[in-house]
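Trainee: I am sharing structure-v4.cif, which consists of mmCIF, N, CA and C atoms:
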```cif
data_protein
#
loop_
_atom_site.label_atom_id
_atom_site.label_comp_id
_atom_site.auth_asym_id
_atom_site.auth_seq_id
_atom_site.Cartn_x
_atom_site.Cartn_y
_atom_site.Cartn_z
N MET A 1011 11.76 65.52 8.03
CA MET A 1011 12.39 65.95 6.79
C MET A 1011 13.42 67.05 7.05
N ASN A 1012 13.12 67.93 8.00
CA ASN A 1012 14.05 69.01 8.34
C ASN A 1012 15.39 68.47 8.82
N ILE A 1013 15.36 67.40 9.59
CA ILE A 1013 16.60 66.83 10.12
C ILE A 1013 17.46 66.29 8.98
N LEU A 1014 16.83 65.64 8.03
CA LEU A 1014 17.59 65.11 6.89
C LEU A 1014 18.24 66.23 6.08
N ILE A 1015 17.52 67.32 5.89
CA ILE A 1015 18.07 68.47 5.16
C ILE A 1015 19.25 69.05 5.92
N LYS A 1016 19.13 69.16 7.25
CA LYS A 1016 20.23 69.69 8.06
C LYS A 1016 21.45 68.77 8.00
N ILE A 1017 21.22 67.46 7.98
CA ILE A 1017 22.35 66.52 7.89
C ILE A 1017 23.05 66.67 6.54
N VAL A 1018 22.28 66.80 5.47
CA VAL A 1018 22.88 66.97 4.14
C VAL A 1018 23.64 68.30 4.06
N ILE A 1019 23.06 69.36 4.62
CA ILE A 1019 23.75 70.67 4.64
C ILE A 1019 25.06 70.56 5.40
N THR A 1020 25.05 69.90 6.54
CA THR A 1020 26.28 69.74 7.32
C THR A 1020 27.30 68.89 6.57
N ALA A 1021 26.83 67.84 5.91
CA ALA A 1021 27.74 66.98 5.13
C ALA A 1021 28.39 67.76 3.99
N VAL A 1022 27.62 68.56 3.29
CA VAL A 1022 28.17 69.38 2.21
C VAL A 1022 29.14 70.42 2.77
N SER A 1023 28.82 70.99 3.93
CA SER A 1023 29.72 71.96 4.56
C SER A 1023 31.03 71.31 4.97
N LEU A 1024 30.96 70.11 5.52
CA LEU A 1024 32.18 69.38 5.88
C LEU A 1024 32.99 69.02 4.64
N ALA A 1025 32.30 68.68 3.54
CA ALA A 1025 33.00 68.39 2.29
C ALA A 1025 33.73 69.63 1.78
N ALA A 1026 33.09 70.79 1.90
CA ALA A 1026 33.74 72.04 1.48
C ALA A 1026 34.98 72.30 2.33
N ALA A 1027 34.87 72.08 3.63
CA ALA A 1027 36.03 72.28 4.51
C ALA A 1027 37.15 71.32 4.15
N ALA A 1028 36.81 70.07 3.86
CA ALA A 1028 37.84 69.09 3.48
C ALA A 1028 38.46 69.45 2.13
N TYR A 1029 37.67 70.01 1.23
CA TYR A 1029 38.18 70.39 -0.09
C TYR A 1029 39.15 71.57 0.01
N PHE A 1030 38.82 72.56 0.82
CA PHE A 1030 39.62 73.79 0.87
C PHE A 1030 40.79 73.73 1.85
N LEU A 1031 40.77 72.82 2.80
CA LEU A 1031 41.81 72.79 3.83
C LEU A 1031 42.63 71.52 3.75
N ASP A 1032 43.93 71.66 3.99
CA ASP A 1032 44.81 70.50 4.00
C ASP A 1032 44.67 69.69 5.27
N GLY A 1033 44.30 70.30 6.39
CA GLY A 1033 44.26 69.62 7.67
C GLY A 1033 42.99 68.83 7.94
N ILE A 1034 42.00 68.93 7.06
CA ILE A 1034 40.78 68.15 7.20
C ILE A 1034 40.70 67.24 5.98
N ASP A 1035 40.58 65.95 6.24
CA ASP A 1035 40.67 64.99 5.14
C ASP A 1035 39.58 63.93 5.25
N VAL A 1036 39.03 63.58 4.11
CA VAL A 1036 38.04 62.50 3.99
C VAL A 1036 38.56 61.55 2.92
N PRO A 1037 39.50 60.65 3.30
CA PRO A 1037 40.00 59.72 2.29
C PRO A 1037 38.96 58.67 1.97
N GLY A 1038 39.05 58.12 0.79
CA GLY A 1038 38.14 57.06 0.39
C GLY A 1038 38.46 56.59 -1.01
N ASN A 1039 37.96 55.43 -1.33
CA ASN A 1039 38.22 54.85 -2.65
C ASN A 1039 37.38 55.47 -3.76
N ASP A 1040 36.16 55.85 -3.42
CA ASP A 1040 35.30 56.45 -4.44
C ASP A 1040 34.42 57.52 -3.79
N ASN A 1041 33.68 58.23 -4.63
CA ASN A 1041 32.85 59.33 -4.14
C ASN A 1041 31.70 58.84 -3.26
N THR A 1042 31.18 57.66 -3.54
CA THR A 1042 30.09 57.13 -2.72
C THR A 1042 30.55 56.87 -1.30
N GLU A 1043 31.73 56.29 -1.16
CA GLU A 1043 32.28 56.03 0.17
C GLU A 1043 32.52 57.34 0.93
N ARG A 1044 33.07 58.34 0.23
CA ARG A 1044 33.30 59.63 0.88
C ARG A 1044 31.99 60.29 1.27
N ALA A 1045 30.97 60.19 0.42
CA ALA A 1045 29.66 60.79 0.73
C ALA A 1045 29.04 60.13 1.95
N LEU A 1046 29.10 58.81 2.02
CA LEU A 1046 28.55 58.11 3.18
C LEU A 1046 29.32 58.45 4.45
N THR A 1047 30.63 58.59 4.32
CA THR A 1047 31.44 59.00 5.47
C THR A 1047 31.04 60.40 5.93
N LEU A 1048 30.86 61.31 4.98
CA LEU A 1048 30.49 62.68 5.33
C LEU A 1048 29.10 62.73 5.98
N ILE A 1049 28.18 61.90 5.53
CA ILE A 1049 26.86 61.87 6.15
C ILE A 1049 26.97 61.33 7.59
N ALA A 1050 27.75 60.28 7.78
CA ALA A 1050 27.94 59.74 9.13
C ALA A 1050 28.61 60.76 10.05
N VAL A 1051 29.62 61.46 9.53
CA VAL A 1051 30.31 62.48 10.32
C VAL A 1051 29.37 63.66 10.60
N ALA A 1052 28.51 63.99 9.66
CA ALA A 1052 27.53 65.06 9.88
C ALA A 1052 26.58 64.70 11.01
N VAL A 1053 26.18 63.44 11.08
CA VAL A 1053 25.32 62.99 12.18
C VAL A 1053 26.07 63.09 13.51
N ILE A 1054 27.32 62.65 13.53
CA ILE A 1054 28.13 62.76 14.75
C ILE A 1054 28.29 64.22 15.14
N PHE A 1055 28.59 65.08 14.17
CA PHE A 1055 28.77 66.51 14.44
C PHE A 1055 27.49 67.12 15.00
N GLY A 1056 26.35 66.73 14.46
CA GLY A 1056 25.08 67.22 14.96
C GLY A 1056 24.81 66.79 16.39
N ILE A 1057 25.11 65.54 16.69
CA ILE A 1057 24.91 65.03 18.05
C ILE A 1057 25.85 65.73 19.03
N VAL A 1058 27.12 65.88 18.64
CA VAL A 1058 28.09 66.57 19.50
C VAL A 1058 27.63 68.00 19.77
N ASN A 1059 27.20 68.69 18.72
CA ASN A 1059 26.73 70.07 18.90
C ASN A 1059 25.47 70.13 19.76
N ALA A 1060 24.55 69.21 19.56
CA ALA A 1060 23.30 69.23 20.32
C ALA A 1060 23.53 68.94 21.80
N LEU A 1061 24.48 68.07 22.10
CA LEU A 1061 24.72 67.70 23.49
C LEU A 1061 25.65 68.66 24.23
N LEU A 1062 26.72 69.07 23.60
CA LEU A 1062 27.76 69.83 24.31
C LEU A 1062 27.66 71.34 24.17
N LYS A 1063 27.22 71.83 23.02
CA LYS A 1063 27.25 73.27 22.78
C LYS A 1063 26.41 74.05 23.79
N PRO A 1064 25.19 73.63 24.14
CA PRO A 1064 24.43 74.40 25.14
C PRO A 1064 25.12 74.44 26.50
N ILE A 1065 25.75 73.34 26.89
CA ILE A 1065 26.46 73.31 28.17
C ILE A 1065 27.64 74.26 28.14
N ILE A 1066 28.40 74.22 27.05
CA ILE A 1066 29.58 75.08 26.92
C ILE A 1066 29.16 76.55 26.86
N LYS A 1067 28.09 76.85 26.15
CA LYS A 1067 27.62 78.24 26.08
C LYS A 1067 27.19 78.74 27.45
N THR A 1068 26.54 77.89 28.22
CA THR A 1068 26.09 78.28 29.55
C THR A 1068 27.28 78.51 30.48
N LEU A 1069 28.20 77.56 30.49
CA LEU A 1069 29.36 77.68 31.38
C LEU A 1069 30.34 78.76 30.93
N GLY A 1070 30.44 78.98 29.63
CA GLY A 1070 31.40 79.96 29.11
C GLY A 1070 30.79 81.29 28.73
N CYS A 1071 29.63 81.59 29.28
CA CYS A 1071 28.91 82.82 28.92
C CYS A 1071 29.79 84.07 29.08
N ALA A 1072 30.55 84.12 30.14
CA ALA A 1072 31.41 85.29 30.37
C ALA A 1072 32.46 85.42 29.27
N PHE A 1073 32.99 84.30 28.81
CA PHE A 1073 34.00 84.35 27.74
C PHE A 1073 33.39 84.83 26.43
N TYR A 1074 32.15 84.42 26.15
CA TYR A 1074 31.47 84.90 24.95
C TYR A 1074 31.30 86.41 25.01
N VAL A 1075 30.90 86.92 26.14
CA VAL A 1075 30.69 88.36 26.29
C VAL A 1075 32.02 89.10 26.24
N LEU A 1076 33.00 88.59 26.96
CA LEU A 1076 34.31 89.23 27.04
C LEU A 1076 35.01 89.31 25.69
N THR A 1077 34.85 88.27 24.86
CA THR A 1077 35.53 88.25 23.57
C THR A 1077 34.61 88.67 22.42
N LEU A 1078 33.44 89.19 22.75
CA LEU A 1078 32.46 89.64 21.76
C LEU A 1078 32.09 88.51 20.78
N GLY A 1079 32.01 87.30 21.30
CA GLY A 1079 31.58 86.17 20.49
C GLY A 1079 32.69 85.39 19.82
N LEU A 1080 33.91 85.88 19.85
CA LEU A 1080 35.01 85.16 19.20
C LEU A 1080 35.32 83.83 19.88
N PHE A 1081 34.96 83.73 21.15
CA PHE A 1081 35.14 82.47 21.86
C PHE A 1081 34.32 81.36 21.19
N GLY A 1082 33.24 81.74 20.54
CA GLY A 1082 32.41 80.77 19.82
C GLY A 1082 33.18 80.07 18.71
N LEU A 1083 34.09 80.77 18.05
CA LEU A 1083 34.93 80.14 17.02
C LEU A 1083 35.83 79.08 17.62
N VAL A 1084 36.38 79.37 18.79
CA VAL A 1084 37.24 78.40 19.47
C VAL A 1084 36.42 77.17 19.87
N VAL A 1085 35.22 77.42 20.41
CA VAL A 1085 34.35 76.31 20.80
C VAL A 1085 33.99 75.45 19.59
N ASN A 1086 33.63 76.09 18.48
CA ASN A 1086 33.28 75.34 17.26
C ASN A 1086 34.47 74.53 16.75
N ALA A 1087 35.67 75.11 16.83
CA ALA A 1087 36.87 74.39 16.41
C ALA A 1087 37.10 73.17 17.29
N LEU A 1088 36.95 73.33 18.59
CA LEU A 1088 37.15 72.21 19.51
C LEU A 1088 36.09 71.13 19.30
N LEU A 1089 34.85 71.53 19.01
CA LEU A 1089 33.80 70.55 18.74
C LEU A 1089 34.07 69.81 17.43
N LEU A 1090 34.64 70.50 16.44
CA LEU A 1090 35.01 69.84 15.19
C LEU A 1090 36.16 68.85 15.43
N MET A 1091 37.10 69.23 16.27
CA MET A 1091 38.19 68.31 16.61
C MET A 1091 37.65 67.09 17.35
N LEU A 1092 36.70 67.30 18.27
CA LEU A 1092 36.09 66.19 18.99
C LEU A 1092 35.34 65.27 18.02
N THR A 1093 34.66 65.86 17.05
CA THR A 1093 33.97 65.07 16.04
C THR A 1093 34.96 64.22 15.25
N GLY A 1094 36.10 64.80 14.89
CA GLY A 1094 37.13 64.04 14.19
C GLY A 1094 37.65 62.89 15.03
N TRP A 1095 37.81 63.11 16.33
CA TRP A 1095 38.28 62.06 17.22
C TRP A 1095 37.25 60.94 17.33
N ILE A 1096 35.98 61.31 17.49
CA ILE A 1096 34.91 60.31 17.58
C ILE A 1096 34.82 59.51 16.27
N ALA A 1097 34.95 60.21 15.15
CA ALA A 1097 34.91 59.52 13.85
C ALA A 1097 36.07 58.53 13.75
N GLU A 1098 37.23 58.93 14.23
CA GLU A 1098 38.39 58.03 14.20
C GLU A 1098 38.13 56.80 15.08
N GLN A 1099 37.53 57.01 16.24
CA GLN A 1099 37.22 55.88 17.13
C GLN A 1099 36.19 54.94 16.52
N ALA A 1100 35.31 55.50 15.67
CA ALA A 1100 34.29 54.70 14.99
C ALA A 1100 34.79 54.13 13.66
N ASP A 1101 36.09 54.25 13.41
CA ASP A 1101 36.73 53.77 12.18
C ASP A 1101 36.18 54.41 10.92
N LEU A 1102 35.79 55.68 11.03
CA LEU A 1102 35.38 56.45 9.85
C LEU A 1102 36.60 57.20 9.33
N PRO A 1103 36.83 57.21 8.03
CA PRO A 1103 38.01 57.89 7.47
C PRO A 1103 37.80 59.40 7.39
N PHE A 1104 37.80 60.06 8.54
CA PHE A 1104 37.66 61.52 8.61
C PHE A 1104 38.67 62.00 9.64
N THR A 1105 39.56 62.91 9.24
CA THR A 1105 40.59 63.38 10.16
C THR A 1105 40.61 64.90 10.21
N VAL A 1106 40.87 65.40 11.40
CA VAL A 1106 41.10 66.83 11.63
C VAL A 1106 42.46 66.92 12.30
N ASP A 1107 43.43 67.52 11.61
CA ASP A 1107 44.81 67.53 12.07
C ASP A 1107 45.15 68.82 12.80
N GLY A 1108 44.68 68.97 14.03
CA GLY A 1108 45.09 70.09 14.85
C GLY A 1108 44.08 71.21 14.95
N PHE A 1109 44.46 72.19 15.77
CA PHE A 1109 43.54 73.27 16.09
C PHE A 1109 43.31 74.23 14.93
N TRP A 1110 44.35 74.63 14.24
CA TRP A 1110 44.19 75.64 13.18
C TRP A 1110 43.35 75.14 12.01
N PRO A 1111 43.58 73.94 11.53
CA PRO A 1111 42.65 73.45 10.51
C PRO A 1111 41.21 73.34 11.04
N ALA A 1112 41.07 72.98 12.32
CA ALA A 1112 39.73 72.90 12.91
C ALA A 1112 39.09 74.28 13.00
N LEU A 1113 39.88 75.30 13.33
CA LEU A 1113 39.34 76.66 13.41
C LEU A 1113 38.87 77.13 12.04
N TRP A 1114 39.71 76.98 11.03
CA TRP A 1114 39.32 77.39 9.68
C TRP A 1114 38.19 76.51 9.15
N GLY A 1115 38.23 75.23 9.51
CA GLY A 1115 37.16 74.33 9.11
C GLY A 1115 35.83 74.72 9.73
N ALA A 1116 35.85 75.13 11.00
CA ALA A 1116 34.63 75.57 11.66
C ALA A 1116 34.06 76.82 10.99
N ILE A 1117 34.95 77.70 10.56
CA ILE A 1117 34.49 78.90 9.85
C ILE A 1117 33.86 78.52 8.52
N ILE A 1118 34.52 77.63 7.78
CA ILE A 1118 33.98 77.20 6.48
C ILE A 1118 32.66 76.47 6.66
N VAL A 1119 32.59 75.56 7.63
CA VAL A 1119 31.35 74.81 7.89
C VAL A 1119 30.23 75.78 8.25
N GLY A 1120 30.54 76.77 9.07
CA GLY A 1120 29.52 77.74 9.47
C GLY A 1120 29.02 78.58 8.31
N VAL A 1121 29.93 79.09 7.49
CA VAL A 1121 29.54 79.96 6.37
C VAL A 1121 28.80 79.16 5.29
N VAL A 1122 29.35 78.02 4.91
CA VAL A 1122 28.70 77.21 3.87
C VAL A 1122 27.34 76.71 4.36
N GLY A 1123 27.26 76.29 5.62
CA GLY A 1123 26.00 75.86 6.18
C GLY A 1123 24.96 76.96 6.20
N TRP A 1124 25.39 78.16 6.54
CA TRP A 1124 24.48 79.31 6.57
C TRP A 1124 23.96 79.63 5.17
N VAL A 1125 24.87 79.65 4.19
CA VAL A 1125 24.46 79.95 2.81
C VAL A 1125 23.50 78.87 2.28
N LEU A 1126 23.82 77.62 2.51
CA LEU A 1126 22.94 76.55 2.05
C LEU A 1126 21.59 76.59 2.76
N SER A 1127 21.58 76.94 4.03
CA SER A 1127 20.32 77.07 4.74
C SER A 1127 19.46 78.18 4.16
N LEU A 1128 20.10 79.27 3.75
CA LEU A 1128 19.36 80.37 3.11
C LEU A 1128 18.78 79.93 1.77
N VAL A 1129 19.58 79.21 1.00
CA VAL A 1129 19.15 78.77 -0.33
C VAL A 1129 18.04 77.73 -0.24
N LEU A 1130 18.16 76.80 0.71
CA LEU A 1130 17.21 75.70 0.81
C LEU A 1130 16.03 75.97 1.74
N ASP A 1131 15.92 77.17 2.25
CA ASP A 1131 14.82 77.51 3.17
C ASP A 1131 13.51 77.49 2.41
N ASN A 1132 12.61 76.60 2.80
CA ASN A 1132 11.33 76.44 2.11
C ASN A 1132 10.17 77.04 2.86
N ASP A 1133 10.40 77.71 3.96
CA ASP A 1133 9.30 78.25 4.78
C ASP A 1133 8.59 79.37 4.13
#
```
Turn the structure described in the file into structure tokens.
Mentor:
Amino acid sequence: MNILIKIVITAVSLAAAAYFLDGIDVPGNDNTERALTLIAVAVIFGIVNALLKPIIKTLGCAFYVLTLGLFGLVVNALLLMLTGWIAEQADLPFTVDGFWPALWGAIIVGVVGWVLSLVLDND
């Protein structure tokens, strides 16, 4: 059940990023199609983060320390761009147009996800 909640939180966070930013887009004919796309992209984003983020954190540890954690924003932006590319390869209508929208999108996804996690925490 926890995984499903995390997927929904990520999907809502991605929807917020697409709503507020011009460079992140989820085109679709209706809201159901967009919602299903966002859920699929949330699953892809979760898999990308689960597989690559620990490796990048380990290899880039010095950069995290040197930049006082700001390197993490760059990593999150690049992972969001990778997610957009994978979604495009899977014929999902989700696009991330460049680094700056990905950077701002990563910030929005992080903040909205954090707030929703606080609100939905049932422990």
Trainee: Can you measure atom N of Lys1016 (chain A) to CA of Leu1130 (chain A) for me? One decimal in Å is fine.
Mentor: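 We find that atom N of Lys1016 (chain A) and CA of Leu1130 (chain A) lie 9.4 Å from each other.
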Trainee: So how many Å separate CA of Leu1083 (chain A) and CA of Met1011 (chain A), to one decimal?
Mentor: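 Atom-to-atom, CA of Leu1083 (chain A) and CA of Met1011 (chain A) are spaced 28.5 Å apart.
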Trainee: Determine the residue set returned by the PyMOL selection byres (((chain A and resi 1034 and name CA) around 7) and name CA) for the present structure, and present it as a count of residues only.
Mentor: 10
Trainee: Would you mind reading off the distance between atom N of Ile1117 (chain A) and CA of Asp1040 (chain A), one decimal, in Å?
Mentor: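 Computed distance, atom N of Ile1117 (chain A) to CA of Asp1040 (chain A), equals 26.0 Å.
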Trainee: Within 8 Å of (40.7, 70.0, 15.3), only C-alpha atoms: residues as a list in words?
Mentor: Ala1087, Leu1088, Leu1089, Leu1090, Met1091, Leu1092, Gly1094, Val1106, Asp1107, Gly1108, Phe1109, Trp1110, Pro1111, Ala1112 and Leu1113 of chain A
Trainee: Write out as a ChimeraX atom specification all residues of region 1011-1130 of chain A that DSSP puts in alpha helix (DSSP H) for this structure's backbone.
Mentor: /A:1012-1030,1041-1069,1071-1076,1081-1099,1109-1130
Trainee: Show which residues sit within 10 Å of region 1062-1066 of chain A, as a VMD selection string. Count only C-alpha atoms, and ignore same-chain residues fewer than 3 positions away.
Mentor: chain A and resid 1057 to 1059 1069 to 1071 1082 1085 to 1086 1089
Trainee: From the DSSP assignment of the backbone, select every residue of chain A that is strand (DSSP E), and format the answer as number ranges by chain.
Mentor: A: 1034-1035, 1105-1106
Trainee: Name every residue that the PyMOL selection byres (((chain A and resi 1046 and name CA) around 12) and name CA) selects in this structure, writing the answer as a VMD selection string with chains first and numbers rising.
Mentor: chain A and resid 1017 to 1018 1021 to 1022 1025 1036 to 1045 1047 to 1053 1102 to 1104
Trainee: If we count all atoms listed in the file and set the cut-off at 6.5 Å, which residues sit around Ser1023 (chain A), ignoring sequence neighbours fewer than 3 positions away in its own chain? Please answer as a list in words.
Mentor: Val1018, Ile1019, Thr1020, Ala1026, Ala1027, Ala1028, Ile1118, Val1119, Val1122 and Gly1123 of chain A
Trainee: Convert the current residue selection to file output with N, CA and C atoms, as a PDB file, in the coordinates of the input.
Mentor:
```
ATOM      1  N   VAL A1018      22.280  66.800   5.470  1.00  0.00           N
ATOM      2  CA  VAL A1018      22.880  66.970   4.140  1.00  0.00           C
ATOM      3  C   VAL A1018      23.640  68.300   4.060  1.00  0.00           C
ATOM      4  N   ILE A1019      23.060  69.360   4.620  1.00  0.00           N
ATOM      5  CA  ILE A1019      23.750  70.670   4.640  1.00  0.00           C
ATOM      6  C   ILE A1019      25.060  70.560   5.400  1.00  0.00           C
ATOM      7  N   THR A1020      25.050  69.900   6.540  1.00  0.00           N
ATOM      8  CA  THR A1020      26.280  69.740   7.320  1.00  0.00           C
ATOM      9  C   THR A1020      27.300  68.890   6.570  1.00  0.00           C
ATOM     10  N   ALA A1026      33.090  70.790   1.900  1.00  0.00           N
ATOM     11  CA  ALA A1026      33.740  72.040   1.480  1.00  0.00           C
ATOM     12  C   ALA A1026      34.980  72.300   2.330  1.00  0.00           C
ATOM     13  N   ALA A1027      34.870  72.080   3.630  1.00  0.00           N
ATOM     14  CA  ALA A1027      36.030  72.280   4.510  1.00  0.00           C
ATOM     15  C   ALA A1027      37.150  71.320   4.150  1.00  0.00           C
ATOM     16  N   ALA A1028      36.810  70.070   3.860  1.00  0.00           N
ATOM     17  CA  ALA A1028      37.840  69.090   3.480  1.00  0.00           C
ATOM     18  C   ALA A1028      38.460  69.450   2.130  1.00  0.00           C
ATOM     19  N   ILE A1118      34.520  77.630   7.780  1.00  0.00           N
ATOM     20  CA  ILE A1118      33.980  77.200   6.480  1.00  0.00           C
ATOM     21  C   ILE A1118      32.660  76.470   6.660  1.00  0.00           C
ATOM     22  N   VAL A1119      32.590  75.560   7.630  1.00  0.00           N
ATOM     23  CA  VAL A1119      31.350  74.810   7.890  1.00  0.00           C
ATOM     24  C   VAL A1119      30.230  75.780   8.250  1.00  0.00           C
ATOM     25  N   VAL A1122      29.350  78.020   4.910  1.00  0.00           N
ATOM     26  CA  VAL A1122      28.700  77.210   3.870  1.00  0.00           C
ATOM     27  C   VAL A1122      27.340  76.710   4.360  1.00  0.00           C
ATOM     28  N   GLY A1123      27.260  76.290   5.620  1.00  0.00           N
ATOM     29  CA  GLY A1123      26.000  75.860   6.180  1.00  0.00           C
ATOM     30  C   GLY A1123      24.960  76.960   6.200  1.00  0.00           C
TER      31      GLY A1123
END
```
Trainee: Starting from the sparse input, extend region 1052-1069 of chain A to N, CA, C and O atoms and give the output as a tab-separated table (two decimals), in the coordinates of the input.
Mentor:
```
chain	number	residue	atom	x	y	z
A	1052	ALA	N	28.51	63.99	9.66
A	1052	ALA	CA	27.53	65.06	9.88
A	1052	ALA	C	26.58	64.70	11.01
A	1052	ALA	O	26.21	65.56	11.83
A	1053	VAL	N	26.18	63.44	11.08
A	1053	VAL	CA	25.32	62.99	12.18
A	1053	VAL	C	26.07	63.09	13.51
A	1053	VAL	O	25.53	63.60	14.51
A	1054	ILE	N	27.32	62.65	13.53
A	1054	ILE	CA	28.13	62.76	14.75
A	1054	ILE	C	28.29	64.22	15.14
A	1054	ILE	O	28.15	64.58	16.32
A	1055	PHE	N	28.59	65.08	14.17
A	1055	PHE	CA	28.77	66.51	14.44
A	1055	PHE	C	27.49	67.12	15.00
A	1055	PHE	O	27.52	67.93	15.93
A	1056	GLY	N	26.35	66.73	14.46
A	1056	GLY	CA	25.08	67.22	14.96
A	1056	GLY	C	24.81	66.79	16.39
A	1056	GLY	O	24.35	67.58	17.21
A	1057	ILE	N	25.11	65.54	16.69
A	1057	ILE	CA	24.91	65.03	18.05
A	1057	ILE	C	25.85	65.73	19.03
A	1057	ILE	O	25.43	66.14	20.12
A	1058	VAL	N	27.12	65.88	18.64
A	1058	VAL	CA	28.09	66.57	19.50
A	1058	VAL	C	27.63	68.00	19.77
A	1058	VAL	O	27.65	68.47	20.92
A	1059	ASN	N	27.20	68.69	18.72
A	1059	ASN	CA	26.73	70.07	18.90
A	1059	ASN	C	25.47	70.13	19.76
A	1059	ASN	O	25.34	71.02	20.60
A	1060	ALA	N	24.55	69.21	19.56
A	1060	ALA	CA	23.30	69.23	20.32
A	1060	ALA	C	23.53	68.94	21.80
A	1060	ALA	O	22.86	69.52	22.66
A	1061	LEU	N	24.48	68.07	22.10
A	1061	LEU	CA	24.72	67.70	23.49
A	1061	LEU	C	25.65	68.66	24.23
A	1061	LEU	O	25.39	69.01	25.38
A	1062	LEU	N	26.72	69.07	23.60
A	1062	LEU	CA	27.76	69.83	24.31
A	1062	LEU	C	27.66	71.34	24.17
A	1062	LEU	O	28.01	72.07	25.10
A	1063	LYS	N	27.22	71.83	23.02
A	1063	LYS	CA	27.25	73.27	22.78
A	1063	LYS	C	26.41	74.05	23.79
A	1063	LYS	O	26.87	75.09	24.29
A	1064	PRO	N	25.19	73.63	24.14
A	1064	PRO	CA	24.43	74.40	25.14
A	1064	PRO	C	25.12	74.44	26.50
A	1064	PRO	O	25.10	75.48	27.17
A	1065	ILE	N	25.75	73.34	26.89
A	1065	ILE	CA	26.46	73.31	28.17
A	1065	ILE	C	27.64	74.26	28.14
A	1065	ILE	O	27.87	75.04	29.07
A	1066	ILE	N	28.40	74.22	27.05
A	1066	ILE	CA	29.58	75.08	26.92
A	1066	ILE	C	29.16	76.55	26.86
A	1066	ILE	O	29.80	77.40	27.49
A	1067	LYS	N	28.09	76.85	26.15
A	1067	LYS	CA	27.62	78.24	26.08
A	1067	LYS	C	27.19	78.74	27.45
A	1067	LYS	O	27.45	79.89	27.81
A	1068	THR	N	26.54	77.89	28.22
A	1068	THR	CA	26.09	78.28	29.55
A	1068	THR	C	27.28	78.51	30.48
A	1068	THR	O	27.35	79.53	31.17
A	1069	LEU	N	28.20	77.56	30.49
A	1069	LEU	CA	29.36	77.68	31.38
A	1069	LEU	C	30.34	78.76	30.93
A	1069	LEU	O	30.98	79.40	31.77
```
